[in-house]
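Q: For reference, the structure I am asking about is given below.
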Amino acid sequence: MRGWRITDRQARSLAQNETIVTRIYAFANQKGGVGKTTTAVNLGAYLAELGRRVLLVDADPQANASSSLGVDPADLPLSLYDALIRRRPLAATIRSTPLPGLALVPSAPALAGAEVEMVSMLAREFLLRRALETINGQYDHVLIDCPPSLGLLTVNALTSASDGVIVPIQCEYLALEGLGRLWQTIQLVRESLNPQLFISGMVLTMFDSRTNLAEQVVSEVQSHFPDQAFRTVIPRNVRLSEAPSYGQTIRTYAPNSAGAQAYRALAQEFLAREAAEGEAVATSETGRIGA
Ligand SMILES: Nc1ncnc2c1ncn2[C@@H]1O[C@H](COP(=O)(O)OP(=O)(O)O)[C@@H](O)[C@H]1O
Ligand SMILES: [Mg+2]
């Protein structure tokens with residue numbers, strides 16, 4: 001059999017990662033109220049502002065991400081539930097949002113029963129991954145907002161997360177408490193379902209500059225996890241907590257607030273980090289191909 005040859009141009013294109021590949025991230029932490037939804041929604045809003053095509057997947061039956069974008073989960077023809085359990089095409093569940101470039105797969109109350117229904121399904125840990133494969137290349141970023149548990153919905157998100165897990169961490173007492181279980185789950189998923197899985201980012205949220213404790217949490221996390229922890233720290237900001245009740249992201253609700261500035265900066269840091277990683281991969285690929 002004749003071996004195949006790769007042209008220089010193809011090698012460059014491969015090395016520069018020119019094919020559009022959808023990057024998929026899961027926002028997970030089994031603690032509730034740490035800023036998973038706020039981070040997924042507002043980071044998504046600013047990635048869209050920066051020209052990226054973003055799909056937000058609301059995998060939490062509480063549907064906070066959906067309502068944060070003005071979608072009423074009680075009044076939906078199709079939701080993530082239909083894509084996972086009824087095997088409807090994922091594309092049929094996608095809705096546009098008021099923000100150009102930001103699309104949503106909404107959650108619905110029915111999703112609460114999905115974990116139980118999934119138990120008897122074949123390849124139950126891969127349902128979301130298979131659904132996302134059908135839209136590969138149509139978005140630059142898929143951000144999956146996980147529920148505050150480590151059940152099958154979160155496992156489906158982790159199995160899909162080709163570009164890693166983003167862990168929001170609230171700057172408070174015992175911030176890292178309980179992360180051990182998330183670590184264990186990630187380890188288990190890596191061993192059996194998604195060998196590429198890793199924690200690609202940690203976002204420090206609800207930082208209150210008036211307390212020494214918050215400073216301590218930031219420096220502890222940044223020194224223990226220098227590669228994961230984003231430099232951008234999200235302050236506690238009342239505008240961020242008000243925006244969802246108006247069905248808006250911070251980008252339209254209070255674009256000049258401290259919360260908005262922080263999420264804009266986070267989006268920039270996020271893209272800069274991806275670009276730096278892309279270059280590192282390109283360098284090693286070129287080396288490999290040339291070797
Ligand atoms: N930086 C922040 N400043 C003030 N309130 C915040 C901030 N981040 C999140 N919140 C509020 O805290 C609550 C929990 O945040 P949320 O993102 O829903 O957490 P999770 O998705 O992890 O449960 C929500 O009411 C949200 O509006
Ligand atoms: Mg949430």
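Residue numbers start at 1 in each chain; chains themselves are named A, B, ... in the order of the structure tokens; ligands are numbered from 1 in the order shown.
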Which residues of chain A come within 6 Å of ligand 1, and for each one, what is the closest pair of atoms and their distance in Å to one decimal, counting only C-alpha atoms and all ligand atoms, sorted by chain and residue number, as CSV?

A:
```
residue,atom,partner,partner_atom_place_in_ligand_line,distance
A:Gly32,CA,ligand 1,23 (O),4.0
A:Gly33,CA,ligand 1,23 (O),3.4
A:Val34,CA,ligand 1,22 (O),3.9
A:Gly35,CA,ligand 1,17 (O),3.2
A:Lys36,CA,ligand 1,22 (O),3.8
A:Thr37,CA,ligand 1,21 (O),3.8
A:Thr38,CA,ligand 1,17 (O),3.7
A:Thr205,CA,ligand 1,1 (N),5.4
A:Met206,CA,ligand 1,1 (N),3.9
A:Ile234,CA,ligand 1,1 (N),5.5
A:Pro235,CA,ligand 1,1 (N),5.0
A:Arg236,CA,ligand 1,3 (N),3.4
A:Asn237,CA,ligand 1,3 (N),3.9
A:Val238,CA,ligand 1,4 (C),4.9
A:Leu240,CA,ligand 1,4 (C),5.2
A:Ser241,CA,ligand 1,27 (O),3.3
```

Q: Please return, as a PDB file with N, CA and C atoms, in the first residue's frame, all residues of segment 127-171 of chain A that DSSP assigns to alpha helix (DSSP H) on the basis of the backbone.

A:
```pdb
ATOM      1  N   LEU A 127     -25.104  10.733  25.516  1.00  0.00           N
ATOM      2  CA  LEU A 127     -26.265  11.288  24.790  1.00  0.00           C
ATOM      3  C   LEU A 127     -25.992  12.729  24.339  1.00  0.00           C
ATOM      4  N   LEU A 128     -25.418  13.533  25.236  1.00  0.00           N
ATOM      5  CA  LEU A 128     -25.161  14.936  24.871  1.00  0.00           C
ATOM      6  C   LEU A 128     -24.028  15.023  23.846  1.00  0.00           C
ATOM      7  N   ARG A 129     -23.004  14.203  24.050  1.00  0.00           N
ATOM      8  CA  ARG A 129     -21.872  14.239  23.110  1.00  0.00           C
ATOM      9  C   ARG A 129     -22.328  13.900  21.688  1.00  0.00           C
ATOM     10  N   ARG A 130     -23.154  12.866  21.565  1.00  0.00           N
ATOM     11  CA  ARG A 130     -23.673  12.493  20.243  1.00  0.00           C
ATOM     12  C   ARG A 130     -24.510  13.637  19.666  1.00  0.00           C
ATOM     13  N   ALA A 131     -25.309  14.254  20.502  1.00  0.00           N
ATOM     14  CA  ALA A 131     -26.156  15.367  20.025  1.00  0.00           C
ATOM     15  C   ALA A 131     -25.274  16.528  19.544  1.00  0.00           C
ATOM     16  N   LEU A 132     -24.214  16.820  20.294  1.00  0.00           N
ATOM     17  CA  LEU A 132     -23.344  17.952  19.915  1.00  0.00           C
ATOM     18  C   LEU A 132     -22.549  17.648  18.649  1.00  0.00           C
ATOM     19  N   GLU A 133     -22.250  16.378  18.419  1.00  0.00           N
ATOM     20  CA  GLU A 133     -21.510  16.026  17.198  1.00  0.00           C
ATOM     21  C   GLU A 133     -22.269  16.450  15.949  1.00  0.00           C
ATOM     22  N   LEU A 152     -26.109  12.184  36.181  1.00  0.00           N
ATOM     23  CA  LEU A 152     -25.911  11.848  34.766  1.00  0.00           C
ATOM     24  C   LEU A 152     -25.902  13.063  33.845  1.00  0.00           C
ATOM     25  N   LEU A 153     -26.613  14.129  34.205  1.00  0.00           N
ATOM     26  CA  LEU A 153     -26.575  15.323  33.345  1.00  0.00           C
ATOM     27  C   LEU A 153     -25.172  15.926  33.363  1.00  0.00           C
ATOM     28  N   THR A 154     -24.588  16.036  34.561  1.00  0.00           N
ATOM     29  CA  THR A 154     -23.222  16.570  34.648  1.00  0.00           C
ATOM     30  C   THR A 154     -22.237  15.604  33.984  1.00  0.00           C
ATOM     31  N   VAL A 155     -22.417  14.305  34.190  1.00  0.00           N
ATOM     32  CA  VAL A 155     -21.532  13.333  33.543  1.00  0.00           C
ATOM     33  C   VAL A 155     -21.622  13.457  32.020  1.00  0.00           C
ATOM     34  N   ASN A 156     -22.835  13.654  31.486  1.00  0.00           N
ATOM     35  CA  ASN A 156     -22.981  13.882  30.048  1.00  0.00           C
ATOM     36  C   ASN A 156     -22.226  15.129  29.604  1.00  0.00           C
ATOM     37  N   ALA A 157     -22.287  16.171  30.421  1.00  0.00           N
ATOM     38  CA  ALA A 157     -21.569  17.406  30.075  1.00  0.00           C
ATOM     39  C   ALA A 157     -20.060  17.160  30.096  1.00  0.00           C
ATOM     40  N   LEU A 158     -19.581  16.432  31.108  1.00  0.00           N
ATOM     41  CA  LEU A 158     -18.139  16.169  31.215  1.00  0.00           C
ATOM     42  C   LEU A 158     -17.664  15.262  30.071  1.00  0.00           C
ATOM     43  N   THR A 159     -18.511  14.332  29.666  1.00  0.00           N
ATOM     44  CA  THR A 159     -18.149  13.438  28.563  1.00  0.00           C
ATOM     45  C   THR A 159     -18.048  14.223  27.254  1.00  0.00           C
ATOM     46  N   SER A 160     -18.819  15.297  27.155  1.00  0.00           N
ATOM     47  CA  SER A 160     -18.827  16.120  25.931  1.00  0.00           C
ATOM     48  C   SER A 160     -17.722  17.159  25.896  1.00  0.00           C
TER      49      SER A 160
END
```

Q: Could you write out, as JSON, numbers by chain, all the residues of segment 26-243 of chain A that DSSP marks as strand (DSSP E or B)?

A: {"A": [26, 27, 54, 55, 56, 57, 58, 95, 96, 102, 103, 104, 105, 141, 142, 143, 144, 145, 165, 166, 167, 168, 169, 170, 199, 200, 201, 202, 203, 204, 205, 207, 229, 235]}

Q: Could the residues in this selection be written to a file with C-alpha atoms, as a compact mmCIF listing (two decimals), in the first residue's frame?

A:
```
# COMPACT_ATOMS: atom_id res chain seq x y z
CA ALA A 26 -18.55 22.34 30.80
CA PHE A 27 -19.13 24.79 33.66
CA VAL A 54 -21.50 30.75 20.87
CA LEU A 55 -23.99 28.06 21.81
CA LEU A 56 -25.02 27.99 25.45
CA VAL A 57 -26.45 24.64 26.53
CA ASP A 58 -28.62 24.84 29.63
CA ARG A 95 -33.08 29.21 19.78
CA SER A 96 -31.62 32.55 18.96
CA LEU A 102 -25.33 33.85 21.11
CA ALA A 103 -27.69 30.89 20.69
CA LEU A 104 -29.30 28.73 23.35
CA VAL A 105 -30.38 25.15 23.87
CA HIS A 141 -17.74 27.73 21.45
CA VAL A 142 -20.25 25.50 23.20
CA LEU A 143 -20.67 26.37 26.88
CA ILE A 144 -22.58 23.81 28.96
CA ASP A 145 -24.11 25.08 32.19
CA VAL A 165 -14.09 21.88 32.59
CA ILE A 166 -14.34 25.44 33.84
CA VAL A 167 -14.85 25.53 37.59
CA PRO A 168 -16.31 28.70 39.06
CA ILE A 169 -15.16 29.16 42.65
CA GLN A 170 -16.79 31.56 45.06
CA ILE A 199 -9.81 21.24 34.29
CA SER A 200 -9.00 23.96 31.82
CA GLY A 201 -10.05 26.94 33.89
CA MET A 202 -11.05 28.21 37.29
CA VAL A 203 -12.95 31.46 37.67
CA LEU A 204 -12.94 33.22 41.03
CA THR A 205 -16.36 34.76 41.54
CA PHE A 207 -14.93 38.67 45.15
CA ALA A 229 -6.99 30.09 37.55
CA PRO A 235 -16.27 41.04 41.85
```

Q: Can you tell me, as a tab-separated table (two decimals) with N, CA and C atoms, in the first residue's frame, what residues are no more than 10 Å from Gly113 of chain A when counting only C-alpha atoms, ignoring any on the same chain fewer than 5 positions away?

A:
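Result went into selection04.tsv, see below:
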```tsv
chain	number	residue	atom	x	y	z
A	61	PRO	N	-31.94	21.46	35.13
A	61	PRO	CA	-33.41	21.49	35.11
A	61	PRO	C	-33.99	22.77	35.72
A	81	TYR	N	-34.20	18.42	26.81
A	81	TYR	CA	-34.85	17.16	27.13
A	81	TYR	C	-35.20	16.38	25.85
A	85	ILE	N	-33.53	12.77	25.38
A	85	ILE	CA	-34.40	11.63	25.70
A	85	ILE	C	-35.27	11.22	24.52
A	118	MET	N	-32.66	8.37	31.81
A	118	MET	CA	-31.41	8.01	31.13
A	118	MET	C	-30.85	6.68	31.63
```

Q: Point out the residue among A:Lys31, A:Arg86, A:His224, A:Arg23 with the least atom-to-atom distance to ligand 2, counting only C-alpha atoms and all ligand atoms.

A: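 Looking only at the distances to ligand 2, the closest residue turns out to be A:Lys31.
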
Q: Using Å and a single decimal, report how far atom CA of Pro109 of chain A sits from atom CA of Ile24 of chain A.

A: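 These two atoms are separated by 24.1 Å.
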
Q: Between A:Leu78, A:Pro100, A:Cys146, A:Val71, which one has atoms that come closest to ligand 2, using only C-alpha atoms and all ligand atoms?

A: A:Cys146

Q: For each of A:Thr211, A:Glu125, A:Phe198, A:Pro244, take the minimum atom-to-atom distance to ligand 2, counting only C-alpha atoms and all ligand atoms, then give the residue where this is smallest.

A: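 Checking each candidate against ligand 2, we get A:Pro244 as the closest.
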
Q: Nearest to Arg87 of chain A among A:Val221, A:Cys171, A:Met121, A:Leu47, with distances taken over only C-alpha atoms: which residue is it?

A: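 Using only C-alpha atoms, the shortest distance to Arg87 of chain A belongs to A:Met121.
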
Q: Which distance in Å separates atom CA of Val189 of chain A and atom CA of Val119 of chain A, to one decimal?

A: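 So the answer is 16.3 Å.
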
Q: Name the residues in contact with Gly70 of chain A at a cut-off of 10 Å, using only C-alpha atoms, excluding same-chain residues fewer than 4 positions from it; report them as a list in words.

A: Asn64, Ala65, Ser66, Thr97, Pro98, Pro244, Ser245, Tyr246, Gly247, Gln248 and Thr249 of chain A

Q: So that I have them on file, write out the residues from the current selection with N, CA and C atoms, as a compact mmCIF listing (two decimals), in the first residue's frame.

A:
```txt
# COMPACT_ATOMS: atom_id res chain seq x y z
N ASN A 64 -31.93 28.20 34.96
CA ASN A 64 -31.56 29.60 35.24
C ASN A 64 -30.89 30.27 34.05
N ALA A 65 -30.11 29.51 33.30
CA ALA A 65 -29.45 30.13 32.14
C ALA A 65 -30.50 30.53 31.11
N SER A 66 -31.49 29.67 30.91
CA SER A 66 -32.54 30.00 29.94
C SER A 66 -33.29 31.25 30.37
N THR A 97 -31.08 34.27 20.58
CA THR A 97 -31.31 35.13 21.75
C THR A 97 -31.25 36.57 21.25
N PRO A 98 -31.58 37.53 22.10
CA PRO A 98 -31.50 38.93 21.64
C PRO A 98 -30.06 39.33 21.29
N PRO A 244 -30.52 38.74 35.71
CA PRO A 244 -31.36 37.59 35.31
C PRO A 244 -32.86 37.85 35.49
N SER A 245 -33.23 38.62 36.50
CA SER A 245 -34.67 38.81 36.71
C SER A 245 -35.27 39.72 35.64
N TYR A 246 -34.43 40.37 34.86
CA TYR A 246 -34.92 41.14 33.70
C TYR A 246 -34.73 40.35 32.40
N GLY A 247 -34.33 39.08 32.55
CA GLY A 247 -34.12 38.24 31.37
C GLY A 247 -32.99 38.76 30.50
N GLN A 248 -31.98 39.35 31.13
CA GLN A 248 -30.89 39.95 30.35
C GLN A 248 -29.53 39.50 30.87
N THR A 249 -28.55 39.58 29.99
CA THR A 249 -27.17 39.40 30.44
C THR A 249 -26.68 40.77 30.92
```
